[in-house]
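Down below is the structure, laid out as structure tokens.
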Amino acid sequence: MISVSKLLCDLGAEGDGLRYDAADESEKAQIRERKQRRPVVVWNCTKQCNLYCQHCYAAAETEPAPGEMTTAEGKRFLDDLANYGAPVVLFSGGEPLARSDLVELVAHASEAGLRPVLSTNGTLLTAERAADLREAGLQYVGISVDGMPERNDAFRGAEGAFDRALEGIEASQAAGLKTGLRYTITEANADDLEDVVALLADRGVDRFCFYHLDYGGRGADIQDVDLTPADRRDAVRRVCEMTREYHDRGHEIETLLVGNYADAAYLVEYARRELGPEQAEQVLSYLETNGGDPTGERVADVDYQGNVHLTQFWQGYALGNVRDRPFGAIWEDESNPLLSALREREEHLRGRCGDCRYQSVCRGASRLRALATGSDPFGPDPQCYLTPEERGVDGADRPATPAD
Amino acid sequence: MTEASSGQAADREFETRVDDPRGDRTRAWELFLRESPEDPLRHAGSVSAPTAEIAREQAAQLFGWTAGTVWLCPADEARRFAADGVALSDRADSTDPADQPEADRNGGAES
């Protein structure tokens, strides 16, 4: 997760302490440094969902799936996470609001010392449930909207999903919950990016997370609508430009890029061109502290049945199951050669990721995409859009001319 | 296959069930690796695959760079018993009211 607004506009946003060790610089509440060594844990607490989105990494279903953790199991799992020192639990799904015990679980997480946040399609978020979640200690709600109404509804498999998501956003805001947008950029919706931000910014939303498509679950089946490298580069440039334009107008929106750490390298290059070498070095320093792609290290995933995954998108492989073994024991068990290698992946990366000078801020980006397209967990990420000059593989110290 | 979660005490009773359904509706396969002939065979997680052949392909992609031997076992054929009494799935069958959600689980999706 890369905060474009922080890096380009120096916005002190809540959460930066987790992403950048920038706690000393921000005026807002930060997560304690002690806990930053532990992963943020995504908990897909149910597989059930009321929508059927084309890009769903969890391949969620409209009916409940067997083996879902019960309320009591969930509470013990949350205690387990808290004891391990996980800083944040992200309730996801499926659609987490399909669990009628969600408020109870959020309250338990909060009381255990975790920072509970929610990822939802927003369509089930009524004013009453939003108020209950706020009361339970929920800290943040990320609501998925993937385009203006027509495109969003087609993508999400339900007419009216856009309007209901907006109602959910309003309910969340009315309850006093910090509320943000989640937007997965594809060829199908890239053109709507600015319009969606404008519409929601007018409604008081001030945090916008743009996701690159990862190739897990149903996301693996729609690689044909993924952005081309040129279009991806253009979309990221537009996010940068849009962020700076809003800030120049005094509207300090927070924008983040998620799921492709080639963006980190791009931001350094962008800052060098647009803001000068001094800020570029500062951006690079922040990103090096951040550490690049977090798979298997700073982010973990536990599915509805308790299986522990390397990231929320990589549901096809599990390290173990919290019904067998505490989460921390699974996560710390580096006798698993894949887990161990991911944590020292610089020694294993091959192809264009193997000799890139931005390895320290990218770390090969998505290993899942490399696996899905090249059958090699240490091969190149097909979404990399950096030029050879930017990657420093032609001997050039810096790109001779801006590529965009 | 029977696997104890801990070798701490030989006299403990292996009675805690931890064999609730695993993985996706796609079949899950427990994966065991040996890196070199002198190494022990070690559990290394599980893959989801509809057939043994696809599971083998996935295991080869994930671990072919290091593993000399791969064993695959259908997760639904594995019998797992924990000795320490704290395995979570045992509580899935509990009649303790605290284990039950406050309302019917399907209700939330229709609200």
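Within each chain, counting starts at residue 1; across the structure tokens, chains are named A, B, ... in the order shown, with ligands numbered 1 upward in that order.
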Using 10 Å as the limit and counting only C-alpha atoms, can you tabulate each residue of stretch 44-74 of chain B that touches stretch 301-315 of chain A, with its shortest atom-to-atom distance in Å and the two atoms involved, as CSV?
residue,atom,partner,partner_atom,distance
B:Gly45,CA,A:Val308,CA,9.0
B:Ser46,CA,A:Asn307,CA,9.2
B:Val47,CA,A:Gln315,CA,8.8
B:Ser48,CA,A:Gln315,CA,8.2
Distance criterion (only C-alpha atoms): nearest to chain A out of B:Glu38, B:Gln61, B:Trp71, B:Glu53: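 Nearest candidate to chain A out of B:Glu38, B:Gln61, B:Trp71, B:Glu53: B:Gln61.
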Shell of 9 Å around A:Gln279, only C-alpha atoms, local chain residues under 4 positions omitted, as a list in words: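 After dropping sequence-adjacent residues, the list is Leu7, Leu8, Val268, Ala271, Arg272, Leu275, Val283 and Leu284 of chain A.
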Serialized selection, C-alpha atoms, as a short mmCIF file (atom, residue, chain, number, x, y, z; two decimals), in the first residue's frame:
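selection-v6.cif was written with the following content:
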data_model
loop_
_atom_site.label_atom_id
_atom_site.label_comp_id
_atom_site.auth_asym_id
_atom_site.auth_seq_id
_atom_site.Cartn_x
_atom_site.Cartn_y
_atom_site.Cartn_z
CA LEU A 7 4.77 10.87 -0.89
CA LEU A 8 3.88 13.62 -3.31
CA VAL A 268 10.39 7.91 -7.35
CA ALA A 271 8.97 12.80 -8.14
CA ARG A 272 12.37 13.24 -9.75
CA LEU A 275 9.30 17.72 -7.90
CA VAL A 283 10.29 9.44 -1.55
CA LEU A 284 12.83 6.69 -2.14
#
Near-stretch 378-395 of chain A list (7 Å; only C-alpha atoms; drop same-chain fewer than 6 positions) as a PyMOL selection string: chain A and resi 229-230+233+262+348-353+355-358+364-367+369-370
Can you write just those residues out, C-alpha atoms, as a tab-separated table (two decimals), in the first residue's frame?
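What follows is the written file out.tsv:
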chain	number	residue	atom	x	y	z
A	229	PRO	CA	1.64	-1.82	-19.33
A	230	ALA	CA	1.14	1.47	-21.18
A	233	ARG	CA	1.46	3.57	-16.46
A	262	ALA	CA	6.35	-1.19	-9.52
A	348	HIS	CA	15.54	-15.82	-5.64
A	349	LEU	CA	14.02	-13.25	-8.02
A	350	ARG	CA	14.64	-13.96	-11.69
A	351	GLY	CA	14.13	-12.28	-15.04
A	352	ARG	CA	13.46	-8.56	-15.12
A	353	CYS	CA	12.84	-8.57	-11.37
A	355	ASP	CA	18.38	-7.27	-11.89
A	356	CYS	CA	16.12	-4.28	-11.28
A	357	ARG	CA	17.64	-1.45	-9.31
A	358	TYR	CA	14.30	-0.80	-7.63
A	364	GLY	CA	9.33	-8.20	-7.39
A	365	ALA	CA	5.78	-6.95	-6.79
A	366	SER	CA	3.21	-9.77	-7.00
A	367	ARG	CA	4.62	-13.28	-6.71
A	369	ARG	CA	0.94	-12.93	-10.74
A	370	ALA	CA	4.39	-14.32	-11.54
Give me the residues of chain A that have any atom at most 6 Å from an atom of chain B; for each, the nearest atom pair and the distance in Å, rounded to one decimal. Use only C-alpha atoms, sort by chain and number, and format it as CSV.
residue,atom,partner,partner_atom,distance
A:Asn50,CA,B:Ala109,CA,5.9
A:Gly67,CA,B:Pro21,CA,5.3
A:Thr71,CA,B:Asp99,CA,5.4
A:Ala72,CA,B:Asp99,CA,4.5
A:Glu73,CA,B:Leu88,CA,5.9
A:Ala98,CA,B:Gly108,CA,4.6
A:Arg99,CA,B:Gly108,CA,5.9
A:Ser100,CA,B:Gly108,CA,5.2
A:Asp101,CA,B:Pro101,CA,5.4
A:Gly316,CA,B:Ser48,CA,5.1
A:Tyr317,CA,B:Val47,CA,4.5
A:Ala318,CA,B:Ser46,CA,5.2
A:Leu319,CA,B:Gly45,CA,4.2
A:Gly320,CA,B:Gly45,CA,5.2
A:Arg323,CA,B:Leu88,CA,4.5
A:Asp324,CA,B:Ala87,CA,5.5
A:Asn336,CA,B:Ala44,CA,5.5
A:Ser375,CA,B:Gln61,CA,5.6
A:Asp376,CA,B:Gln61,CA,5.9
Separation of atom CA of A:Thr46 from atom CA of A:Arg129 in Å: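 Separating atom CA of A:Arg129 from atom CA of A:Thr46 is a distance of 17.4 Å.
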All strand (DSSP E or B) positions in stretch 18-85 of chain B, as a list in words: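 Reading the DSSP output for stretch 18-85 of chain B, strand (DSSP E or B) covers Ala28, Trp29, Glu30, Leu31, Phe32, Leu33, Arg34, Arg42, His43, Ala44, Gly45, Ser46, Val47, Ser48, Thr69, Val70, Trp71, Leu72, Cys73, Pro74, Arg79, Arg80, Phe81 and Ala82 of chain B.
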Write a file of the selected residues as a PDB file, in the first residue's frame, keeping N, CA and C atoms.
ATOM      1  N   ALA B  28      -8.832 -29.797  -1.303  1.00  0.00           N
ATOM      2  CA  ALA B  28      -7.538 -29.380  -0.752  1.00  0.00           C
ATOM      3  C   ALA B  28      -6.638 -30.603  -0.617  1.00  0.00           C
ATOM      4  N   TRP B  29      -5.355 -30.391  -0.847  1.00  0.00           N
ATOM      5  CA  TRP B  29      -4.359 -31.474  -0.783  1.00  0.00           C
ATOM      6  C   TRP B  29      -3.254 -31.066   0.166  1.00  0.00           C
ATOM      7  N   GLU B  30      -3.084 -31.850   1.216  1.00  0.00           N
ATOM      8  CA  GLU B  30      -1.973 -31.579   2.126  1.00  0.00           C
ATOM      9  C   GLU B  30      -0.674 -31.936   1.419  1.00  0.00           C
ATOM     10  N   LEU B  31       0.325 -31.120   1.660  1.00  0.00           N
ATOM     11  CA  LEU B  31       1.558 -31.211   0.876  1.00  0.00           C
ATOM     12  C   LEU B  31       2.731 -31.502   1.819  1.00  0.00           C
ATOM     13  N   PHE B  32       3.513 -32.485   1.448  1.00  0.00           N
ATOM     14  CA  PHE B  32       4.685 -32.853   2.252  1.00  0.00           C
ATOM     15  C   PHE B  32       5.924 -32.839   1.351  1.00  0.00           C
ATOM     16  N   LEU B  33       7.011 -32.318   1.885  1.00  0.00           N
ATOM     17  CA  LEU B  33       8.225 -32.143   1.083  1.00  0.00           C
ATOM     18  C   LEU B  33       9.421 -32.799   1.753  1.00  0.00           C
ATOM     19  N   ARG B  34      10.348 -33.251   0.896  1.00  0.00           N
ATOM     20  CA  ARG B  34      11.683 -33.598   1.357  1.00  0.00           C
ATOM     21  C   ARG B  34      12.654 -32.896   0.404  1.00  0.00           C
ATOM     22  N   ARG B  42       8.516 -33.177   5.468  1.00  0.00           N
ATOM     23  CA  ARG B  42       7.890 -32.130   6.281  1.00  0.00           C
ATOM     24  C   ARG B  42       6.587 -31.656   5.659  1.00  0.00           C
ATOM     25  N   HIS B  43       5.626 -31.357   6.538  1.00  0.00           N
ATOM     26  CA  HIS B  43       4.389 -30.750   6.054  1.00  0.00           C
ATOM     27  C   HIS B  43       4.690 -29.328   5.599  1.00  0.00           C
ATOM     28  N   ALA B  44       4.157 -28.955   4.437  1.00  0.00           N
ATOM     29  CA  ALA B  44       4.427 -27.607   3.894  1.00  0.00           C
ATOM     30  C   ALA B  44       3.149 -26.966   3.388  1.00  0.00           C
ATOM     31  N   GLY B  45       2.079 -27.120   4.155  1.00  0.00           N
ATOM     32  CA  GLY B  45       0.831 -26.453   3.791  1.00  0.00           C
ATOM     33  C   GLY B  45      -0.038 -27.302   2.889  1.00  0.00           C
ATOM     34  N   SER B  46      -0.910 -26.626   2.141  1.00  0.00           N
ATOM     35  CA  SER B  46      -1.843 -27.348   1.276  1.00  0.00           C
ATOM     36  C   SER B  46      -2.138 -26.523   0.038  1.00  0.00           C
ATOM     37  N   VAL B  47      -2.481 -27.222  -1.022  1.00  0.00           N
ATOM     38  CA  VAL B  47      -2.916 -26.554  -2.249  1.00  0.00           C
ATOM     39  C   VAL B  47      -4.353 -26.948  -2.547  1.00  0.00           C
ATOM     40  N   SER B  48      -5.054 -26.078  -3.266  1.00  0.00           N
ATOM     41  CA  SER B  48      -6.414 -26.376  -3.714  1.00  0.00           C
ATOM     42  C   SER B  48      -6.363 -26.768  -5.176  1.00  0.00           C
ATOM     43  N   THR B  69      11.360 -34.397  -3.188  1.00  0.00           N
ATOM     44  CA  THR B  69      10.230 -35.317  -3.055  1.00  0.00           C
ATOM     45  C   THR B  69       8.996 -34.534  -2.627  1.00  0.00           C
ATOM     46  N   VAL B  70       7.858 -34.820  -3.249  1.00  0.00           N
ATOM     47  CA  VAL B  70       6.582 -34.213  -2.858  1.00  0.00           C
ATOM     48  C   VAL B  70       5.562 -35.327  -2.646  1.00  0.00           C
ATOM     49  N   TRP B  71       4.917 -35.293  -1.523  1.00  0.00           N
ATOM     50  CA  TRP B  71       3.785 -36.182  -1.272  1.00  0.00           C
ATOM     51  C   TRP B  71       2.526 -35.324  -1.180  1.00  0.00           C
ATOM     52  N   LEU B  72       1.440 -35.822  -1.726  1.00  0.00           N
ATOM     53  CA  LEU B  72       0.163 -35.129  -1.638  1.00  0.00           C
ATOM     54  C   LEU B  72      -0.871 -36.063  -1.038  1.00  0.00           C
ATOM     55  N   CYS B  73      -1.659 -35.524  -0.136  1.00  0.00           N
ATOM     56  CA  CYS B  73      -2.692 -36.317   0.525  1.00  0.00           C
ATOM     57  C   CYS B  73      -3.989 -35.526   0.499  1.00  0.00           C
ATOM     58  N   PRO B  74      -5.083 -36.095  -0.026  1.00  0.00           N
ATOM     59  CA  PRO B  74      -6.349 -35.344   0.007  1.00  0.00           C
ATOM     60  C   PRO B  74      -6.674 -34.914   1.444  1.00  0.00           C
ATOM     61  N   ARG B  79      -6.895 -37.447   8.772  1.00  0.00           N
ATOM     62  CA  ARG B  79      -7.528 -37.383  10.097  1.00  0.00           C
ATOM     63  C   ARG B  79      -6.549 -36.693  11.021  1.00  0.00           C
ATOM     64  N   ARG B  80      -6.973 -35.588  11.577  1.00  0.00           N
ATOM     65  CA  ARG B  80      -6.059 -34.782  12.383  1.00  0.00           C
ATOM     66  C   ARG B  80      -6.543 -34.760  13.829  1.00  0.00           C
ATOM     67  N   PHE B  81      -5.640 -34.967  14.731  1.00  0.00           N
ATOM     68  CA  PHE B  81      -5.990 -34.963  16.152  1.00  0.00           C
ATOM     69  C   PHE B  81      -4.955 -34.135  16.889  1.00  0.00           C
ATOM     70  N   ALA B  82      -5.441 -33.260  17.743  1.00  0.00           N
ATOM     71  CA  ALA B  82      -4.525 -32.417  18.504  1.00  0.00           C
ATOM     72  C   ALA B  82      -4.442 -32.909  19.937  1.00  0.00           C
TER      73      ALA B  82
END
Separation of atom CA of A:Gly160 from atom CA of A:Leu125 in Å: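 Pair atom CA of A:Leu125 / atom CA of A:Gly160 returns 14.4 Å.
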Separation of atom CA of A:Tyr266 from atom CA of A:Asp191 in Å: 20.4 Å
